[in-house]
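Source file coords-v3.csv; content: CSV, C-alpha atoms.
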```csv
chain,number,residue,atom,x,y,z
A,299,MET,CA,-6.0,65.8,47.9
A,300,ALA,CA,-7.3,62.4,48.8
A,301,HIS,CA,-5.7,60.0,51.3
A,302,THR,CA,-5.3,56.4,50.2
A,303,GLY,CA,-3.8,54.4,53.0
A,304,SER,CA,-0.2,55.4,53.5
A,305,ALA,CA,0.0,57.1,50.1
A,306,THR,CA,-1.5,60.5,49.3
A,307,ALA,CA,-3.0,61.1,45.9
A,308,THR,CA,-3.0,64.6,44.5
A,309,ARG,CA,-5.4,66.1,42.0
A,310,ILE,CA,-4.8,69.6,40.8
A,311,VAL,CA,-8.1,71.5,41.0
A,312,GLU,CA,-6.9,74.9,39.7
A,313,LEU,CA,-4.1,76.3,37.7
A,314,GLU,CA,-3.2,79.9,37.4
A,315,LEU,CA,-1.2,80.9,34.3
A,316,ILE,CA,0.4,84.4,34.4
A,317,ARG,CA,2.1,85.8,31.4
A,318,LEU,CA,4.6,88.5,32.4
A,319,ARG,CA,6.0,91.4,30.4
A,320,PRO,CA,9.7,91.0,29.7
A,321,ALA,CA,11.8,92.5,32.5
A,322,PRO,CA,12.9,96.1,31.6
A,323,GLY,CA,16.6,96.3,30.7
A,324,GLY,CA,16.9,92.5,30.4
A,325,ARG,CA,19.8,91.0,28.5
A,326,SER,CA,17.7,89.1,26.0
A,327,ALA,CA,16.2,90.7,22.9
A,328,ASP,CA,13.4,88.2,23.0
A,329,THR,CA,10.1,89.9,23.2
A,330,ASP,CA,8.3,86.8,24.6
A,331,GLY,CA,7.9,87.3,28.4
A,332,PRO,CA,8.0,84.5,30.9
A,333,VAL,CA,4.9,82.6,32.1
A,334,LEU,CA,4.4,81.7,35.8
A,335,VAL,CA,2.4,78.6,36.6
A,336,ARG,CA,0.6,78.1,40.0
A,337,VAL,CA,-1.0,74.7,40.7
A,338,ALA,CA,-3.4,74.3,43.6
A,339,ASP,CA,-4.6,71.1,45.3
A,340,GLY,CA,-7.9,72.3,46.9
A,341,GLU,CA,-6.5,72.0,50.4
A,342,GLY,CA,-5.0,75.5,50.5
A,343,LEU,CA,-1.6,74.6,49.2
A,344,CYS,CA,0.0,75.5,45.9
A,345,GLY,CA,3.2,75.1,43.9
A,346,TRP,CA,4.9,77.3,41.4
A,347,GLY,CA,6.9,76.9,38.2
A,348,GLU,CA,8.3,79.1,35.4
A,349,LEU,CA,8.3,79.0,31.6
A,350,PRO,CA,11.1,81.4,30.9
A,351,SER,CA,10.1,82.8,27.5
A,352,ALA,CA,6.8,81.7,26.2
A,353,THR,CA,5.9,82.0,22.5
A,354,GLY,CA,2.3,82.3,21.4
A,355,ALA,CA,2.3,78.6,20.4
A,356,GLN,CA,3.6,77.6,23.9
A,357,TRP,CA,1.0,79.7,25.6
A,358,GLU,CA,-1.7,78.0,23.5
A,359,ALA,CA,-0.2,74.6,24.3
A,360,LEU,CA,-0.1,75.3,28.0
A,361,THR,CA,-3.6,76.7,28.2
A,362,ALA,CA,-5.4,74.4,25.8
A,363,GLY,CA,-3.4,71.2,26.2
A,364,PHE,CA,-1.0,70.7,29.1
A,365,ALA,CA,-3.1,72.5,31.8
A,366,PRO,CA,-6.4,70.7,31.1
A,367,ALA,CA,-4.5,67.4,30.9
A,368,LEU,CA,-3.0,67.9,34.4
A,369,LEU,CA,-6.4,68.8,35.8
A,370,ARG,CA,-7.7,65.4,34.7
A,371,HIS,CA,-4.7,63.5,36.1
A,372,THR,CA,-4.2,62.1,39.6
A,373,TRP,CA,-0.7,61.4,40.9
A,374,ARG,CA,1.0,60.3,44.1
A,375,ARG,CA,4.5,61.5,43.4
A,376,PRO,CA,5.6,64.3,41.1
A,377,THR,CA,7.5,61.8,39.0
A,378,GLU,CA,4.1,60.6,37.9
A,379,ALA,CA,2.7,64.1,37.0
A,380,GLY,CA,4.3,64.0,33.5
A,381,ASP,CA,2.1,61.0,32.6
A,382,ALA,CA,-0.7,63.7,32.2
A,383,TRP,CA,0.9,65.2,29.1
A,384,ALA,CA,2.8,62.2,27.8
A,385,ASP,CA,0.6,61.9,24.7
A,386,LEU,CA,0.8,65.6,23.8
A,387,PRO,CA,3.3,67.1,21.4
A,388,ARG,CA,6.6,67.3,23.3
A,389,ASP,CA,7.6,70.8,24.7
A,390,PRO,CA,10.3,70.5,27.4
A,391,ALA,CA,10.0,74.1,28.5
A,392,VAL,CA,6.2,73.9,29.0
A,393,ALA,CA,6.5,70.5,30.7
A,394,ASN,CA,9.2,71.9,33.0
A,395,ALA,CA,6.9,74.7,34.3
A,396,LEU,CA,4.2,72.2,35.3
A,397,ASP,CA,6.6,69.5,36.6
A,398,THR,CA,8.4,72.0,38.8
A,399,ALA,CA,5.1,73.3,40.2
A,400,CYS,CA,4.1,69.8,41.0
A,401,TRP,CA,7.4,69.2,42.8
A,402,ASP,CA,7.0,72.4,44.8
A,403,LEU,CA,3.4,71.5,45.8
A,404,TRP,CA,4.3,67.9,46.7
A,405,SER,CA,7.2,69.1,49.0
A,406,ARG,CA,4.9,71.7,50.6
A,407,GLN,CA,2.3,69.0,51.3
A,408,ARG,CA,5.0,67.1,53.2
A,409,GLY,CA,6.5,70.2,54.9
A,410,THR,CA,9.9,69.5,53.4
A,411,PRO,CA,12.3,71.7,51.4
A,412,LEU,CA,12.4,71.0,47.7
A,413,SER,CA,16.1,70.2,47.9
A,414,HIS,CA,15.4,67.4,50.3
A,415,ALA,CA,12.5,66.1,48.3
A,416,LEU,CA,14.8,65.8,45.3
A,417,GLY,CA,17.5,64.0,47.4
A,418,GLY,CA,19.9,66.9,47.9
A,419,GLU,CA,22.2,67.0,50.8
A,420,ARG,CA,24.0,70.3,50.5
A,421,THR,CA,23.2,73.4,52.6
A,422,ALA,CA,25.1,75.9,50.4
A,423,LEU,CA,26.5,76.1,46.9
A,424,THR,CA,29.4,77.8,45.2
A,425,ALA,CA,28.1,80.3,42.6
A,426,GLY,CA,29.2,80.9,39.1
A,427,VAL,CA,28.3,83.7,36.7
A,428,THR,CA,28.2,84.0,32.9
A,429,LEU,CA,29.9,87.1,31.3
A,430,ALA,CA,28.4,88.1,28.0
A,431,ARG,CA,30.6,89.2,25.1
A,432,GLN,CA,32.2,92.6,25.8
A,433,VAL,CA,33.4,95.2,23.4
A,434,THR,CA,37.0,95.2,24.3
A,435,LEU,CA,39.5,93.1,26.3
A,436,GLU,CA,39.7,96.0,28.8
A,437,SER,CA,36.0,95.9,29.3
A,438,VAL,CA,36.1,92.2,29.9
A,439,VAL,CA,38.7,92.6,32.6
A,440,THR,CA,36.7,95.4,34.2
A,441,GLU,CA,33.5,93.3,34.3
A,442,VAL,CA,35.3,90.3,35.6
A,443,ASN,CA,36.7,92.5,38.4
A,444,ARG,CA,33.2,93.5,39.3
A,445,GLN,CA,32.0,89.9,39.5
A,446,VAL,CA,35.1,88.8,41.5
A,447,GLY,CA,34.7,91.7,43.8
A,448,SER,CA,31.2,90.4,44.5
A,449,GLY,CA,32.5,87.0,45.5
A,450,PHE,CA,32.0,84.9,42.4
A,451,ARG,CA,34.5,82.1,42.2
A,452,ARG,CA,33.8,80.8,38.7
A,453,ILE,CA,33.4,82.9,35.5
A,454,ARG,CA,31.9,81.5,32.3
A,455,LEU,CA,33.0,83.6,29.3
A,456,GLU,CA,31.0,83.6,26.1
A,457,VAL,CA,33.4,83.2,23.2
A,458,GLU,CA,33.4,82.8,19.4
A,459,PRO,CA,35.9,82.5,16.6
A,460,GLY,CA,38.2,85.5,16.8
A,461,TRP,CA,37.2,86.3,20.4
A,462,ASP,CA,38.4,83.4,22.5
A,463,ALA,CA,42.0,82.5,23.6
A,464,ASP,CA,43.1,86.1,23.8
A,465,VAL,CA,40.1,86.9,26.0
A,466,VAL,CA,40.9,84.0,28.4
A,467,ARG,CA,44.6,85.1,28.6
A,468,ALA,CA,43.6,88.7,29.4
A,469,VAL,CA,41.4,87.6,32.3
A,470,GLN,CA,44.0,85.1,33.5
A,471,THR,CA,46.7,87.8,33.5
A,472,SER,CA,44.7,89.9,35.9
A,473,PHE,CA,43.1,87.0,37.9
A,474,PRO,CA,45.6,84.1,37.8
A,475,PHE,CA,43.7,82.0,40.3
A,476,LEU,CA,40.2,82.5,39.0
A,477,VAL,CA,38.3,79.4,37.8
A,478,LEU,CA,37.3,80.0,34.1
A,479,GLN,CA,35.2,78.1,31.6
A,480,VAL,CA,34.1,79.1,28.1
A,481,ASP,CA,30.7,78.8,26.4
A,482,CYS,CA,31.2,78.5,22.7
A,483,GLY,CA,27.4,78.6,21.9
A,484,GLY,CA,27.8,76.1,19.0
A,485,ARG,CA,29.7,78.8,17.0
A,486,TYR,CA,32.7,76.7,15.9
A,487,THR,CA,33.1,74.2,13.1
A,488,GLU,CA,35.8,71.6,12.4
A,489,SER,CA,37.6,74.0,10.0
A,490,PRO,CA,41.4,74.1,10.6
A,491,ALA,CA,41.2,77.7,11.9
A,492,ASP,CA,38.4,76.9,14.4
A,493,LEU,CA,40.1,73.8,15.6
A,494,ASP,CA,43.3,75.7,16.1
A,495,SER,CA,41.4,78.2,18.3
A,496,LEU,CA,39.9,75.4,20.4
A,497,ARG,CA,43.3,73.8,20.8
A,498,ALA,CA,44.8,77.1,21.9
A,499,MET,CA,42.1,77.3,24.7
A,500,ASP,CA,42.9,73.7,25.7
A,501,GLY,CA,46.3,74.8,27.0
A,502,LEU,CA,44.8,77.5,29.3
A,503,GLY,CA,43.6,75.4,32.2
A,504,LEU,CA,39.9,75.9,31.7
A,505,LEU,CA,37.3,74.1,33.7
A,506,ALA,CA,35.3,73.2,30.5
A,507,VAL,CA,34.8,74.1,26.9
A,508,GLU,CA,31.0,74.1,26.4
A,509,ASP,CA,29.1,73.5,23.2
A,510,PRO,CA,31.8,74.1,20.7
A,511,PHE,CA,29.9,72.7,17.8
A,512,ALA,CA,26.3,72.7,16.6
A,513,PRO,CA,23.8,71.1,19.0
A,514,GLY,CA,23.3,67.4,18.2
A,515,ASP,CA,26.6,66.9,16.3
A,516,LEU,CA,27.8,64.2,18.7
A,517,ALA,CA,30.4,62.9,16.3
A,518,ALA,CA,32.2,66.3,16.1
A,519,HIS,CA,32.1,66.7,19.8
A,520,ALA,CA,33.5,63.2,20.3
A,521,ARG,CA,36.4,63.8,18.0
A,522,LEU,CA,37.3,67.0,19.9
A,523,ALA,CA,36.8,65.4,23.3
A,524,SER,CA,39.2,62.7,22.4
A,525,GLU,CA,41.9,65.3,21.6
A,526,LEU,CA,41.5,67.9,24.3
A,527,ARG,CA,42.6,67.6,27.9
A,528,THR,CA,39.9,70.1,28.9
A,529,PRO,CA,36.5,68.5,29.4
A,530,VAL,CA,34.1,69.2,26.5
A,531,ALA,CA,30.7,70.1,28.1
A,532,LEU,CA,27.3,69.7,26.5
A,533,GLY,CA,24.1,71.6,27.2
A,534,ARG,CA,22.1,73.1,24.3
A,535,GLY,CA,21.9,69.9,22.3
A,536,LEU,CA,20.3,67.9,25.2
A,537,SER,CA,16.6,68.0,25.4
A,538,SER,CA,16.0,64.7,27.2
A,539,VAL,CA,17.7,62.1,29.3
A,540,GLU,CA,17.9,60.0,26.2
A,541,ASP,CA,19.9,62.7,24.5
A,542,LEU,CA,22.4,62.6,27.3
A,543,ASP,CA,22.5,58.8,27.1
A,544,ASP,CA,23.4,59.0,23.4
A,545,ALA,CA,26.1,61.6,24.2
A,546,ILE,CA,27.6,59.4,26.9
A,547,ARG,CA,27.7,56.4,24.6
A,548,ALA,CA,29.3,58.5,21.9
A,549,GLU,CA,31.9,59.7,24.4
A,550,ALA,CA,31.0,63.2,23.1
A,551,GLY,CA,32.1,65.0,26.3
A,552,GLY,CA,33.0,64.9,29.9
A,553,ALA,CA,30.8,67.5,31.5
A,554,VAL,CA,27.2,68.6,31.2
A,555,ASN,CA,25.1,71.7,31.9
A,556,VAL,CA,21.8,70.3,33.4
A,557,ASP,CA,19.0,72.8,32.8
A,558,PRO,CA,15.5,71.6,33.8
A,559,THR,CA,13.9,73.9,31.2
A,560,ARG,CA,15.7,72.2,28.4
A,561,LEU,CA,15.2,68.7,29.8
A,562,GLY,CA,11.5,68.9,30.6
A,563,GLY,CA,11.5,69.5,34.3
A,564,LEU,CA,13.0,68.5,37.7
A,565,THR,CA,12.0,64.9,37.2
A,566,SER,CA,14.2,64.5,34.1
A,567,ALA,CA,16.9,66.8,35.3
A,568,ARG,CA,17.4,64.7,38.5
A,569,ARG,CA,17.7,61.6,36.3
A,570,ALA,CA,20.2,63.4,34.1
A,571,VAL,CA,22.4,64.3,37.1
A,572,ASP,CA,22.4,60.6,38.1
A,573,ARG,CA,23.2,59.4,34.6
A,574,ALA,CA,26.1,61.8,34.2
A,575,VAL,CA,27.6,61.0,37.6
A,576,ASP,CA,27.4,57.3,36.8
A,577,ALA,CA,29.3,57.9,33.6
A,578,GLY,CA,32.0,59.9,35.3
A,579,TRP,CA,30.9,63.2,33.9
A,580,GLN,CA,31.1,66.5,35.8
A,581,VAL,CA,27.8,68.3,36.4
A,582,TRP,CA,26.7,71.8,37.0
A,583,CYS,CA,23.2,73.2,37.0
A,584,GLY,CA,22.6,76.1,34.6
A,585,SER,CA,19.4,77.8,34.1
A,586,SER,CA,17.3,79.4,31.4
A,587,ALA,CA,15.1,80.9,34.2
A,588,THR,CA,14.5,84.6,34.3
A,589,THR,CA,12.7,84.8,37.7
A,590,GLY,CA,13.5,83.7,41.2
A,591,ILE,CA,10.9,80.9,40.9
A,592,GLY,CA,12.9,79.1,38.2
A,593,ARG,CA,16.2,79.9,39.9
A,594,ALA,CA,15.0,78.6,43.2
A,595,ALA,CA,14.2,75.3,41.6
A,596,VAL,CA,17.6,75.1,40.0
A,597,VAL,CA,19.2,75.8,43.4
A,598,ALA,CA,17.3,72.9,44.9
A,599,LEU,CA,18.5,70.6,42.0
A,600,ALA,CA,22.1,71.8,42.5
A,601,SER,CA,21.9,70.5,46.1
A,602,LEU,CA,22.3,67.0,44.7
A,603,THR,CA,25.7,65.6,45.6
A,604,GLY,CA,26.6,64.8,41.9
A,605,ALA,CA,26.1,68.4,40.8
A,606,ALA,CA,29.5,69.4,42.1
A,607,LEU,CA,30.4,72.4,39.8
A,608,PRO,CA,29.3,75.9,40.7
A,609,VAL,CA,25.6,76.7,40.1
A,610,GLU,CA,24.7,79.5,37.6
A,611,MET,CA,23.4,82.7,39.2
A,612,PRO,CA,22.7,86.3,38.2
A,613,GLY,CA,25.8,88.5,38.4
A,614,ALA,CA,26.6,91.6,40.2
A,615,GLY,CA,24.9,94.6,38.7
A,616,ASN,CA,21.7,92.8,38.0
A,617,ARG,CA,19.2,95.2,39.6
A,618,SER,CA,16.0,93.7,38.3
A,619,ARG,CA,13.3,93.2,41.0
A,620,ASP,CA,13.0,89.5,41.8
A,621,LEU,CA,9.5,88.0,42.2
A,622,VAL,CA,10.3,85.9,45.3
A,623,VAL,CA,11.2,86.8,48.8
A,624,PRO,CA,14.0,86.5,49.7
A,625,PRO,CA,15.5,87.0,46.3
A,626,VAL,CA,17.5,84.1,44.9
A,627,ARG,CA,21.0,85.5,44.8
A,628,ALA,CA,24.6,84.7,45.6
A,629,HIS,CA,26.1,86.3,48.7
A,630,ASP,CA,29.9,86.6,48.6
A,631,GLY,CA,29.9,83.9,46.0
A,632,VAL,CA,27.8,81.5,47.9
A,633,VAL,CA,24.1,80.5,47.4
A,634,PRO,CA,22.3,79.4,50.6
A,635,ILE,CA,19.8,76.5,50.2
A,636,PRO,CA,16.6,77.4,52.0
A,637,LEU,CA,15.9,74.7,54.6
A,638,ALA,CA,13.6,76.5,57.0
A,639,GLU,CA,10.7,76.6,54.7
A,640,SER,CA,9.0,73.9,52.6
A,641,GLY,CA,8.9,73.8,48.9
A,642,LEU,CA,11.0,76.3,47.0
A,643,GLY,CA,11.7,78.0,50.2
A,644,HIS,CA,10.9,81.4,48.8
A,645,GLY,CA,7.6,83.3,49.0
A,646,VAL,CA,6.1,84.6,45.8
A,647,ASP,CA,5.7,88.4,45.9
A,648,ARG,CA,2.3,88.8,44.4
A,649,ALA,CA,2.6,92.6,44.3
A,650,ALA,CA,5.8,92.3,42.2
A,651,VAL,CA,4.1,89.7,40.0
A,652,ALA,CA,1.0,91.9,39.5
A,653,ASP,CA,3.2,94.8,38.4
A,654,ARG,CA,4.6,92.8,35.5
A,655,THR,CA,1.5,90.8,34.6
A,656,ALA,CA,0.3,91.2,31.0
A,657,ARG,CA,-2.3,88.5,31.1
A,658,SER,CA,-3.6,86.0,33.6
A,659,LEU,CA,-5.8,82.9,33.2
A,660,VAL,CA,-7.3,80.6,35.8
A,661,VAL,CA,-8.0,77.1,34.5
A,662,ASP,CA,-10.3,74.7,36.5
A,663,ALA,CA,-13.0,72.2,35.9
A,664,ASP,CA,-15.1,74.9,34.3
A,665,GLY,CA,-12.4,75.8,31.8
A,666,PRO,CA,-10.1,78.8,31.4
A,667,ARG,CA,-11.2,82.3,32.4
A,668,GLU,CA,-9.4,85.6,32.3
A,669,VAL,CA,-8.3,87.3,35.5
A,670,ARG,CA,-7.5,91.0,35.7
A,671,ALA,CA,-4.1,91.8,37.2
A,672,ALA,CA,-5.8,94.6,39.3
A,673,ARG,CA,-7.8,92.0,41.1
A,674,GLU,CA,-4.6,90.5,42.6
A,675,ALA,CA,-4.2,91.1,46.3
A,676,ARG,CA,-1.1,93.4,46.2
A,677,GLY,CA,1.5,92.7,48.8
A,678,ARG,CA,0.1,89.2,49.3
A,679,ARG,CA,2.7,86.4,49.4
A,680,ARG,CA,2.1,82.7,49.1
```
As structure tokens, how would this structure be written, given the file I've shared?
Amino acid sequence: MAHTGSATATRIVELELIRLRPAPGGRSADTDGPVLVRVADGEGLCGWGELPSATGAQWEALTAGFAPALLRHTWRRPTEAGDAWADLPRDPAVANALDTACWDLWSRQRGTPLSHALGGERTALTAGVTLARQVTLESVVTEVNRQVGSGFRRIRLEVEPGWDADVVRAVQTSFPFLVLQVDCGGRYTESPADLDSLRAMDGLGLLAVEDPFAPGDLAAHARLASELRTPVALGRGLSSVEDLDDAIRAEAGGAVNVDPTRLGGLTSARRAVDRAVDAGWQVWCGSSATTGIGRAAVVALASLTGAALPVEMPGAGNRSRDLVVPPVRAHDGVVPIPLAESGLGHGVDRAAVADRTARSLVVDADGPREVRAAREARGRRR
């Protein structure tokens, strides 16, 4: 870290890339485990980011392309870190891991919480949870009851043709004051039957109908948005701020799920929140993150005033060991924003990380080298 007048230039001197084994009992059938990224500035400070599910190609891009490029790059604000990989083939998820790590490092250098570094003002957030498709309507109601009993105030139901309006009605019968939204996962078409199903849900007072059609089909979303009273929300089809701009111009929705992993990092995600708010769209911060490192970054992003809808959190019954201390969880439906510590506000539990490490590389000026998980200082937290 070099001081240049009133500005501080940062140069990353070392990156640690840690490929984790998938969490046991995880919801996803994806066999690709997450990758944690640690960047160090040579002054004893580091920042962390997460690539939620890294394919072999993404691991190669990170180790052979993105990481060496960042080592060669000097930046003064984390918004400039992305210039390092601007000429590489675009991969938003890989970029997000490094961009988040740089934001974490930068805020630690200044002794400020990441939420404040991003411009957030909130001290706590309302939490929402997604409920995966269940086997029966009775099991849906039972699972919703467990989440409501844990304090969650917004439930996001995964729906599909033939499993939609009746599911919402069943939940509303038992929980008439619960805030509900549906995630369609792009499973609907503009067939008469599918449109009738979407219209049926429109009369049920939902917070949003998310991604009804295939990602990128802005015309179909615009036609539906013009017809429904319920806001149409977009998420999966947005991989950049430019995609969001296109959707706003097309009037393809009225709400957006801002996920830094899909958008390429906190830098782009913060811009997306601003763009959506300026357009009058509602915003919530969802997350593809599978560890507390990624979730902590999303909590910091959700502290922005414009991200007014409940932030996505793991639900009750999720017993997987988190990799940060304290764990990133909702308590009675509320997520506290850590303000007493700088950066992400959570210490990384290196013992927990070592227990799940499948492979670890350190990349510095001498190139990449393998690190054995057993060499990690167990119990050490940074």
Within 12 Å of segment 455-478 of chain A: each segment 374-426 of chain A residue with its shortest pair, all atoms listed in the file, as CSV:
```
residue,atom,partner,partner_atom,distance
A:Thr424,CA,A:Val477,CA,11.7
A:Ala425,CA,A:Val477,CA,11.3
A:Gly426,CA,A:Val477,CA,9.3
```
Exercise. Could you pull the residues within 8 Å of Pro376 of chain A, counting only C-alpha atoms, minus those fewer than 4 positions along the same chain, as a PyMOL selection string?
Worked result: chain A and resi 380+397+400-401+404+565
Problem set entry | Of the listed residues A:Asp515, A:His644, A:Leu505, A:Asp541, that which approaches Gln580 of chain A most closely, counting all atoms listed in the file |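 Closest residue, counting all atoms listed in the file: A:Leu505.
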Problem set entry | Interatomic distance, atom CA of Gly342 of chain A to atom CA of Glu314 of chain A (Å, one decimal) | 13.9 Å
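Residue nearest Asn555 of chain A, chosen from A:Thr306, A:Thr487, A:Gln479, A:Thr528 and counting only C-alpha atoms: A:Gln479.
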Problem set entry | Shell around Pro390 of chain A at 10 Å using all atoms listed in the file, local window under 2 positions removed, as a ChimeraX atom specification | /A:349,387-388,392-395,397,537-538,558-563,566
